[in-house]
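Input: a single structure, listed below in structure tokens.
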Amino acid sequence: MDPVHNKSPGAQNSEPDWRRFFPDADHRWAMGLRRGEAGVFLAPTESSASVCAERNHWLSTEPRTYAVLTKEAEPALAETVTFARSLGFAVRPEQSPRDRSSREESPFDQLLSLGRVWESDFVWLVADKAGTRRVAGGVVCFPSHWDLSEKVGRTLSETHSVVPGLNAALDRQIETFLDKIVPGDAWLRENAGFSRSPEFNQHIKRPRTRLDVSVTVDEVWIRLEHQMLLKLPLTHSILFGIRVQVVPLRQVLNTPYAATAMTRLLSTISPEAADYKGLSDARETIRNISSQATPAN
Ligand code: HEM
């Protein structure tokens with residue numbers, strides 16, 4: 001059987017479902033959740049070899065920047081490794097009966113192994129003794145200007161506090177949703193960002209070329225985040241998966257619906273949210289490029 005599922009989200013060459021990324025509406029922070037299949041979300045794509053090679057590079061050169069494991073996350077790691085193996089991923093150590101004498105790898109090594117075989121980044125939310133869910137670890141090689149180690153120990157509300165207006169709009173809904181989801185059911189959502197670089201790894205500590213008024217059509221990339229939320233059946237920790245697909249602005253402009261809806265987003269996003277998305281200076285330029293490409297606007 002061909003193990004490559006081209007329908008997996010994040011396949012670099014697949015045409016995105018633009019309505020998910022740019023809804024036909026004024027900009028607002030939205031839940032945008034729908035049911036999905038964890039096995040499909042996590043399945044390898046045709047870009048698997050190159051994506052995993054890049055993940056391996058970052059996890060080998062700076063493991064503690066891209067992978068974080070707290071004691072609290074170890075049960076979630078164990079459950080996730082069992083789940084990944086059930087999907088056919090070879091997470092080390094693969095212990096056969098003959099191997100019994102070999103030394104167990106440390107949980108952190110196992111975390112790195114999982115981070116290398118999955119194309120998706122992943123983060124766990126684990127409830128503390130008071131029942132408050134907190135970021136407890138994961139592997140994030142392709143962040144969109146954030147740092148997993150800074151978020152560890154924080155609640156989702158604290159994690160999202162840098163996003164202007166997000167908590168006021170969604171914090172309660174997010175926590176209620178996470179309380180209620182049935183263990184084993186996967187939920188999907190999407191998110192779109194803008195960048196002057198096509199690089200997957202946009203860790204906040206790496207140099208960044210900002211979008212500004214001088215930006216040209218070939219210097220803008222859209223970072224499409226495909227996200228999955230899954231409550232693990234045993235630990236009830238939340239596994240949050242993020243797969244990044246990078247597409248050039250030209251691809252958006254070649255799709256009339258996407259170009260029109262993106263222009264609407266750029267026209268209606270608040271100055272604070274535009275600033276958070278790195279669009280303060282470039283918003284008008286990208287909007288002009290986009291509306292020239294879509295004369296109907
Ligand atoms: C239903 C659940 C969730 C919703 C609706 C949600 C929504 C959002 C939205 C709308 C943004 C702003 C993105 C943008 O437009 O640039 C955001 C950012 C972010 N979210 Fe979530 N989120 C959810 C769950 C999570 C979870 C489980 C995590 C786990 C760590 C997380 C971590 C983040 C981070 C790190 C950012 C970026 C913050 C930064 O720039 O520092 N989110 N989220």
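Labeling convention for the structure tokens: chains A, B, ... as they appear, residues from 1 per chain, ligands from 1 in order of appearance.
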
>> If we count only C-alpha atoms and set the cut-off at 10 Å, which residues sit around range 9-24 of chain A, ignoring sequence neighbours fewer than 2 positions away in its own chain? Please answer as a PyMOL selection string.
In response: chain A and resi 5-7+26-28+30+32-33+40-48+51+119-120+188-193+223-227+242-247+251-252+255+257-265

Take the residues from that selection and write them out as a CSV table (one decimal), in the first residue's frame, keeping N, CA and C atoms.
chain,number,residue,atom,x,y,z
A,5,HIS,N,-0.4,9.8,1.8
A,5,HIS,CA,-1.8,10.3,1.7
A,5,HIS,C,-1.7,11.7,1.2
A,6,ASN,N,-2.0,11.9,-0.1
A,6,ASN,CA,-1.8,13.3,-0.6
A,6,ASN,C,-2.9,14.2,-0.1
A,7,LYS,N,-4.0,13.6,0.5
A,7,LYS,CA,-5.0,14.5,1.0
A,7,LYS,C,-4.7,15.0,2.4
A,26,ASP,N,-15.7,39.7,7.2
A,26,ASP,CA,-14.7,40.6,7.8
A,26,ASP,C,-13.8,39.9,8.8
A,27,HIS,N,-12.6,40.4,9.0
A,27,HIS,CA,-11.7,39.7,9.9
A,27,HIS,C,-12.2,39.7,11.4
A,28,ARG,N,-12.1,38.5,12.0
A,28,ARG,CA,-12.4,38.4,13.4
A,28,ARG,C,-11.7,37.1,13.8
A,30,ALA,N,-11.7,33.5,15.2
A,30,ALA,CA,-12.8,32.6,15.2
A,30,ALA,C,-12.3,31.2,15.6
A,32,GLY,N,-13.6,28.2,14.3
A,32,GLY,CA,-13.5,27.6,13.0
A,32,GLY,C,-13.2,26.1,13.0
A,33,LEU,N,-13.8,25.4,14.0
A,33,LEU,CA,-13.5,24.0,14.2
A,33,LEU,C,-14.4,23.0,13.4
A,40,VAL,N,-5.4,10.8,9.3
A,40,VAL,CA,-5.3,11.6,8.0
A,40,VAL,C,-4.4,12.8,8.3
A,41,PHE,N,-4.7,13.5,9.4
A,41,PHE,CA,-4.0,14.7,9.7
A,41,PHE,C,-2.5,14.4,9.8
A,42,LEU,N,-2.2,13.3,10.4
A,42,LEU,CA,-0.7,13.0,10.7
A,42,LEU,C,0.0,12.2,9.6
A,43,ALA,N,-0.8,11.8,8.6
A,43,ALA,CA,-0.2,10.9,7.6
A,43,ALA,C,0.9,11.6,6.8
A,44,PRO,N,1.8,10.8,6.3
A,44,PRO,CA,2.9,11.4,5.5
A,44,PRO,C,2.4,12.0,4.2
A,45,THR,N,3.0,13.0,3.7
A,45,THR,CA,2.7,13.6,2.4
A,45,THR,C,3.8,13.3,1.4
A,46,GLU,N,3.7,13.8,0.2
A,46,GLU,CA,4.8,13.6,-0.8
A,46,GLU,C,6.0,14.4,-0.4
A,47,SER,N,5.8,15.4,0.5
A,47,SER,CA,7.0,16.2,1.0
A,47,SER,C,7.6,15.7,2.2
A,48,SER,N,7.2,14.5,2.6
A,48,SER,CA,7.6,13.9,3.9
A,48,SER,C,9.2,13.9,4.0
A,51,VAL,N,10.6,17.4,4.5
A,51,VAL,CA,10.1,18.1,5.7
A,51,VAL,C,10.8,17.4,6.9
A,119,GLU,N,5.6,14.9,10.4
A,119,GLU,CA,5.8,16.2,9.7
A,119,GLU,C,5.1,17.3,10.5
A,120,SER,N,4.2,16.9,11.4
A,120,SER,CA,3.5,17.9,12.2
A,120,SER,C,4.3,18.3,13.4
A,188,LEU,N,-10.3,19.9,13.7
A,188,LEU,CA,-9.4,20.6,12.9
A,188,LEU,C,-9.7,22.1,12.8
A,189,ARG,N,-8.7,22.9,12.6
A,189,ARG,CA,-9.0,24.3,12.3
A,189,ARG,C,-7.8,24.9,11.5
A,190,GLU,N,-7.9,26.0,11.0
A,190,GLU,CA,-6.9,26.6,10.1
A,190,GLU,C,-6.6,28.0,10.5
A,191,ASN,N,-5.4,28.5,10.1
A,191,ASN,CA,-5.0,29.8,10.4
A,191,ASN,C,-4.1,30.3,9.3
A,192,ALA,N,-4.1,31.6,8.9
A,192,ALA,CA,-3.3,32.1,7.9
A,192,ALA,C,-2.4,33.2,8.4
A,193,GLY,N,-1.1,33.2,8.0
A,193,GLY,CA,-0.2,34.3,8.4
A,193,GLY,C,0.5,34.8,7.1
A,223,ARG,N,1.6,31.8,5.1
A,223,ARG,CA,1.8,30.6,5.9
A,223,ARG,C,0.5,30.0,6.4
A,224,LEU,N,0.2,28.9,5.8
A,224,LEU,CA,-1.1,28.3,6.2
A,224,LEU,C,-0.9,27.2,7.3
A,225,GLU,N,-1.5,27.4,8.4
A,225,GLU,CA,-1.4,26.5,9.5
A,225,GLU,C,-2.6,25.6,9.5
A,226,HIS,N,-2.4,24.3,9.4
A,226,HIS,CA,-3.4,23.3,9.5
A,226,HIS,C,-3.2,22.8,11.0
A,227,GLN,N,-4.3,22.9,11.8
A,227,GLN,CA,-4.2,22.5,13.2
A,227,GLN,C,-5.1,21.4,13.6
A,242,ILE,N,0.2,21.0,14.6
A,242,ILE,CA,0.3,22.1,13.6
A,242,ILE,C,1.1,21.7,12.4
A,243,ARG,N,0.5,21.8,11.2
A,243,ARG,CA,1.3,21.6,10.0
A,243,ARG,C,1.3,22.8,9.2
A,244,VAL,N,2.5,23.3,8.8
A,244,VAL,CA,2.6,24.5,8.0
A,244,VAL,C,2.7,24.2,6.5
A,245,GLN,N,2.0,24.9,5.8
A,245,GLN,CA,2.1,24.9,4.3
A,245,GLN,C,2.4,26.3,3.8
A,246,VAL,N,3.4,26.5,3.0
A,246,VAL,CA,3.8,27.8,2.6
A,246,VAL,C,3.5,28.0,1.1
A,247,VAL,N,2.7,29.0,0.8
A,247,VAL,CA,2.4,29.2,-0.6
A,247,VAL,C,2.7,30.7,-1.0
A,251,GLN,N,0.0,32.6,-5.8
A,251,GLN,CA,-1.0,31.5,-5.9
A,251,GLN,C,-2.3,31.9,-5.4
A,252,VAL,N,-2.3,32.8,-4.4
A,252,VAL,CA,-3.5,33.4,-3.9
A,252,VAL,C,-4.2,34.2,-5.0
A,255,THR,N,-6.2,32.7,-7.7
A,255,THR,CA,-7.4,32.0,-7.3
A,255,THR,C,-8.4,33.1,-6.9
A,257,TYR,N,-11.4,33.5,-5.7
A,257,TYR,CA,-12.0,33.6,-4.4
A,257,TYR,C,-11.0,34.0,-3.3
A,258,ALA,N,-9.9,33.3,-3.3
A,258,ALA,CA,-8.8,33.6,-2.3
A,258,ALA,C,-8.4,35.0,-2.3
A,259,ALA,N,-8.2,35.6,-3.5
A,259,ALA,CA,-7.7,36.9,-3.6
A,259,ALA,C,-8.7,37.9,-3.1
A,260,THR,N,-10.0,37.7,-3.4
A,260,THR,CA,-11.0,38.6,-2.9
A,260,THR,C,-11.1,38.5,-1.4
A,261,ALA,N,-11.1,37.3,-0.9
A,261,ALA,CA,-11.3,37.2,0.6
A,261,ALA,C,-10.1,37.7,1.3
A,262,MET,N,-8.9,37.5,0.8
A,262,MET,CA,-7.7,38.0,1.5
A,262,MET,C,-7.7,39.5,1.5
A,263,THR,N,-8.2,40.1,0.4
A,263,THR,CA,-8.3,41.6,0.3
A,263,THR,C,-9.3,42.1,1.4
A,264,ARG,N,-10.3,41.3,1.5
A,264,ARG,CA,-11.3,41.7,2.6
A,264,ARG,C,-10.7,41.6,3.9
A,265,LEU,N,-10.0,40.6,4.2
A,265,LEU,CA,-9.3,40.5,5.5
A,265,LEU,C,-8.4,41.7,5.7

Within 7 Å of ligand 1, which residues of chain A come that close, and what is the closest atom pair and distance in Å for each? Count only C-alpha atoms and all ligand atoms and give it as a tab-separated table.
residue	atom	partner	partner_atom_place_in_ligand_line	distance
A:Trp29	CA	ligand 1	10 (C)	4.9
A:Ala30	CA	ligand 1	10 (C)	6.1
A:Met31	CA	ligand 1	5 (C)	4.0
A:Gly32	CA	ligand 1	5 (C)	6.9
A:Leu33	CA	ligand 1	1 (C)	7.0
A:Val123	CA	ligand 1	30 (C)	5.9
A:Leu125	CA	ligand 1	27 (C)	6.6
A:Val135	CA	ligand 1	30 (C)	5.8
A:Ser144	CA	ligand 1	40 (O)	7.0
A:His145	CA	ligand 1	40 (O)	6.0
A:Trp146	CA	ligand 1	41 (O)	4.8
A:Leu156	CA	ligand 1	28 (C)	6.2
A:Thr159	CA	ligand 1	35 (C)	5.9
A:His160	CA	ligand 1	38 (C)	5.4
A:Val162	CA	ligand 1	41 (O)	5.8
A:Val163	CA	ligand 1	12 (C)	6.0
A:Leu166	CA	ligand 1	10 (C)	6.5
A:Leu170	CA	ligand 1	5 (C)	6.6
A:Ile174	CA	ligand 1	1 (C)	4.9
A:Phe177	CA	ligand 1	1 (C)	7.0
A:Asn191	CA	ligand 1	15 (O)	5.9
A:Ala192	CA	ligand 1	15 (O)	6.2
A:Gly193	CA	ligand 1	16 (O)	5.6
A:Leu229	CA	ligand 1	27 (C)	6.8
A:Phe240	CA	ligand 1	27 (C)	5.3
A:Lys277	CA	ligand 1	16 (O)	5.5

Export, as a CSV table (one decimal), in the first residue's frame, the selected residues with N, CA and C atoms.
chain,number,residue,atom,x,y,z
A,29,TRP,N,-11.4,37.0,15.1
A,29,TRP,CA,-10.8,35.7,15.6
A,29,TRP,C,-11.9,34.7,15.7
A,30,ALA,N,-11.7,33.5,15.2
A,30,ALA,CA,-12.8,32.6,15.2
A,30,ALA,C,-12.3,31.2,15.6
A,31,MET,N,-13.2,30.4,16.1
A,31,MET,CA,-12.9,29.0,16.4
A,31,MET,C,-12.7,28.2,15.2
A,32,GLY,N,-13.6,28.2,14.3
A,32,GLY,CA,-13.5,27.6,13.0
A,32,GLY,C,-13.2,26.1,13.0
A,33,LEU,N,-13.8,25.4,14.0
A,33,LEU,CA,-13.5,24.0,14.2
A,33,LEU,C,-14.4,23.0,13.4
A,123,VAL,N,2.1,20.0,20.4
A,123,VAL,CA,2.2,20.5,21.8
A,123,VAL,C,1.2,19.8,22.6
A,125,LEU,N,-1.2,20.0,26.1
A,125,LEU,CA,-1.7,20.7,27.2
A,125,LEU,C,-2.1,19.7,28.2
A,135,VAL,N,0.5,24.4,29.0
A,135,VAL,CA,1.4,23.9,28.0
A,135,VAL,C,2.5,23.1,28.7
A,144,SER,N,5.5,30.0,13.9
A,144,SER,CA,5.3,31.3,13.3
A,144,SER,C,5.6,32.4,14.3
A,145,HIS,N,6.9,32.7,14.5
A,145,HIS,CA,7.3,33.8,15.4
A,145,HIS,C,6.9,33.6,16.9
A,146,TRP,N,7.1,32.4,17.4
A,146,TRP,CA,7.0,32.2,18.8
A,146,TRP,C,8.0,31.1,19.2
A,156,LEU,N,-3.6,28.4,28.3
A,156,LEU,CA,-3.9,28.9,26.9
A,156,LEU,C,-4.2,30.4,26.9
A,159,THR,N,-1.0,32.0,27.0
A,159,THR,CA,-0.3,31.8,25.7
A,159,THR,C,-0.9,32.7,24.7
A,160,HIS,N,-2.2,32.9,24.7
A,160,HIS,CA,-2.8,33.8,23.7
A,160,HIS,C,-2.8,35.2,24.0
A,162,VAL,N,-0.8,37.5,23.9
A,162,VAL,CA,-0.1,38.4,22.9
A,162,VAL,C,-0.9,38.7,21.7
A,163,VAL,N,-2.0,38.0,21.5
A,163,VAL,CA,-2.8,38.2,20.3
A,163,VAL,C,-3.9,39.2,20.7
A,166,LEU,N,-7.9,38.4,21.3
A,166,LEU,CA,-8.2,37.0,21.1
A,166,LEU,C,-8.9,36.4,22.4
A,170,LEU,N,-12.4,34.7,22.5
A,170,LEU,CA,-12.5,33.2,22.4
A,170,LEU,C,-12.1,32.4,23.6
A,174,ILE,N,-12.8,28.5,24.0
A,174,ILE,CA,-11.8,27.5,23.8
A,174,ILE,C,-11.8,26.5,25.0
A,177,PHE,N,-14.8,24.3,25.0
A,177,PHE,CA,-14.6,23.3,24.0
A,177,PHE,C,-13.7,22.2,24.4
A,191,ASN,N,-5.4,28.5,10.1
A,191,ASN,CA,-5.0,29.8,10.4
A,191,ASN,C,-4.1,30.3,9.3
A,192,ALA,N,-4.1,31.6,8.9
A,192,ALA,CA,-3.3,32.1,7.9
A,192,ALA,C,-2.4,33.2,8.4
A,193,GLY,N,-1.1,33.2,8.0
A,193,GLY,CA,-0.2,34.3,8.4
A,193,GLY,C,0.5,34.8,7.1
A,229,LEU,N,-6.7,19.3,17.1
A,229,LEU,CA,-6.9,19.2,18.6
A,229,LEU,C,-7.4,17.8,18.9
A,240,PHE,N,-2.1,18.9,20.5
A,240,PHE,CA,-2.3,20.0,19.5
A,240,PHE,C,-1.3,19.9,18.4
A,277,LYS,N,0.1,40.5,13.4
A,277,LYS,CA,0.4,39.7,12.3
A,277,LYS,C,1.6,40.2,11.4

> Do you have the CA of Ser291 in chain A-CA of Thr216 in chain A distance handy?
Replying inline: 13.9 Å

>> When you count only C-alpha atoms, which of these residues is closest to Ala67 in chain A: A:Glu150, A:Glu219, A:Asp185, A:Asp171?
In response: A:Glu150

> as a PyMOL selection string, which residues of range 164-257 of chain A does DSSP assign to helix (DSSP H, G or I)?
Replying inline: chain A and resi 166-180+217-219+249-253+256-257

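With only C-alpha atoms as the atoms that count, the residue of A:Leu178, A:Trp118, A:Thr132, A:Glu37 with the shortest distance to Phe89 in chain A is A:Trp118.
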
>> Can you tell me, as a list in words, which residues in range 21-135 of chain A count as strand (DSSP E) by DSSP?
In response: Arg34, Arg35, Gly36, Ala67, Val68, Leu69, Asp121, Phe122, Val123, Trp124, Leu125, Val126, Ala127, Arg133, Arg134 and Val135 of chain A

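Across the structure, CA of Ser86 in chain A and CA of Gly115 in chain A are spaced 16.1 Å apart.
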
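Each of A:Val140, A:Leu211, A:Ala127, A:Glu74 was compared to Gln110 in chain A using only C-alpha atoms, and A:Glu74 turns out to be the nearest.
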
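Put simply, CA of Val152 in chain A is 21.7 Å away from CA of Gly165 in chain A.
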
> Neighbours of range 278-280 of chain A within 8 Å (only C-alpha atoms; same-chain residues fewer than 5 positions away dropped), as an MDAnalysis selection string?
Replying inline: chainID A and resid 194:195 210:212 271

So that I have them on file, write out the residues from the current selection with C-alpha atoms, as a PDB file, in the first residue's frame.
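Below you can see part_7.pdb, which holds the result:
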ATOM      1  CA  PHE A 194       1.932  36.506   6.119  1.00  0.00           C
ATOM      2  CA  SER A 195       5.694  36.454   5.758  1.00  0.00           C
ATOM      3  CA  ARG A 210       9.879  42.228   7.925  1.00  0.00           C
ATOM      4  CA  LEU A 211       7.063  42.931   5.540  1.00  0.00           C
ATOM      5  CA  ASP A 212       6.998  46.669   4.802  1.00  0.00           C
ATOM      6  CA  PRO A 271      -4.718  47.986  13.444  1.00  0.00           C
TER       7      PRO A 271
END

Tell me, counting only C-alpha atoms, for each residue of range 125-193 of chain A within 10 Å of range 56-60 of chain A, which pair of atoms is nearest and how far apart they are in Å to one decimal, in rows ordered by chain and increasing number, as CSV.
residue,atom,partner,partner_atom,distance
A:Val139,CA,A:Leu59,CA,8.7
A:Val140,CA,A:Leu59,CA,9.5
A:Cys141,CA,A:Trp58,CA,6.7
A:Phe142,CA,A:Trp58,CA,9.5

Same residues, C-alpha atoms, output as a PDB file, in the first residue's frame:
ATOM      1  CA  VAL A 139       8.173  19.673  19.393  1.00  0.00           C
ATOM      2  CA  VAL A 140       7.774  22.878  17.404  1.00  0.00           C
ATOM      3  CA  CYS A 141      10.340  23.150  14.580  1.00  0.00           C
ATOM      4  CA  PHE A 142       8.289  25.482  12.373  1.00  0.00           C
TER       5      PHE A 142
END

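When only C-alpha atoms are used to compute distances to Pro143 in chain A, the closest of the residues A:Asn201, A:Ser290, A:Ser270, A:Thr285 turns out to be A:Asn201.
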